[in-house]
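Below: one structure, written as structure tokens.
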Amino acid sequence: MFNLMKTAILMAAITALFMALGRLIGGQAGMMLALLVALGMNFFSYWFSDQMVLKMYSAREVDETSAPQFYGMVRELAQRAQLPMPRVYLIDEDAPNAFATGRNPEHAAVAATTGILRVLSERELRGVMAHELAHVKHRDILISTISATMAGAISMLANFAMFFGGRDSEGRQSNPLVGLLVSILAPIAAGLIQMAISRAREFEADRGGAEISGDPQALASALNKIHRFAQGLPMEAAERHPETAQMMIMNPLSGGGLAGLFSTHPATEERVARLMAMAQGR
């Protein structure tokens with residue numbers, strides 16, 4: 001119920017941003033048009049955003065025949081978590097990473113890169129996939145997927161504001177500096193929404209994944225290893241679609257400096273410390 005409320009709040013916040021940008025670009029008529037676009041985008045995001053994200057990463061679905069060991073691992077973990085069997089995908093990327101998507105546990109999918117299968121041991125990979133299934137169990141995959149697609153849409157609309165300026169409620173040309181300011185602040189606001197949601201849910205998914213796998217140390221070891229590899233091996237698909245970065249188990253973007261202020265993930269050291277404390281308390 002709480003995550004459904006967060007999803008509703010997210011949709012309302014993004015709709016408000018759409019309307020503000022629409023008013024800037026086209027006055028009252030632009031605001032109403034933006035409202036219609038936002039409603040359409042919310043509908044599309046609920047039903048089809050998971051398919052869009054999987055296509056962004058050229059993910060290919062696998063089964064017991066094409067990836068028997070990996071598929072069997074996910075099935076065993078899903079049974080332990082008392083979840084329906086999700087669809088399982090592989091992404092042909094060297095960078096080690098994974099994510100979950102879908103609107104609910106009955107329509108969920110988990111995806112992992114071929115790189116993560118090579119880098120991690122079987123025990124560590126179980127911890128990672130348990131983490132992703134925890135996202136499914138906590139029902140936060142919908143808000144994660146929606147925020148990714150809608151943040152991209154806001155950035156696109158902000159670009160229109162930058163290039164075409166804006167008009168006031170009577171159709172007169174507004175201050176171009178205002179248009180520039182909004183076009184900068186809108187995607188930042190969308191990113192902050194993602195960041196606030198993502199950081200909290202990663203800690204919860206770490207805890208839930210450790211409970212599902214029964215091995216907090218394995219997940220801690222996996223996070224350390226993924227972090228080391230991710231620093232020198234950026235994920236090309238994520239660099240093309242940075243709005244999806246918050247869906248991953250580890251931030252896949254290569255940007256540093258100020259980009260770190262808008263990181264969608266908690267510090268790996270803190271995540272590992274929490275998992276090790278959990279292991280010691282078992």
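Order determines the names: the first chain of the structure tokens is A, the second B, and so forth; residues in each chain are numbered 1 upward, and ligands are numbered 1 upward as they are shown.
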Polymer residues at most 12 Å from Val37 in chain A, only C-alpha atoms, same-chain spacing of 2 or more positions, as JSON, numbers by chain: {"A": [14, 15, 16, 17, 18, 19, 21, 22, 30, 31, 32, 33, 34, 35, 39, 40, 41, 42, 43, 44, 45, 150, 153, 154, 157]}
Range 123-136 of chain A environment, 10 Å, only C-alpha atoms, sequence neighbours closer than 6 positions dropped, as an NGL selection string: :A and (70 or 73-74 or 76-78 or 80-81 or 83-86 or 97-112 or 116-117 or 142 or 144 or 201-223 or 225 or 247-249)
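Reported to one decimal place, the separation of CA of Arg240 in chain A from CA of Ala8 in chain A is 27.6 Å.
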Report as a list in words: the residues of range 3-107 of chain A with a DSSP assignment of strand (DSSP E or B), based on the backbone of this structure. Arg60, Glu61, Val62, Arg87, Val88, Tyr89, Leu90, Ile91, Ala98, Phe99, Ala100, Thr101 and Gly102 of chain A
Which of these residues is nearest to Asp140 in chain A, using only C-alpha atoms: A:Ala200, A:His227, A:Glu236, A:Glu93?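 For Asp140 in chain A, the nearest of the given residues is A:Ala200.
Between CA of Asp94 in chain A and CA of Phe229 in chain A the interatomic distance comes to 9.6 Å.
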Gap from CA of Gly115 in chain A to CA of Gln246 in chain A - Å, one decimal: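 Distance reported for this atom pair: 18.8 Å.
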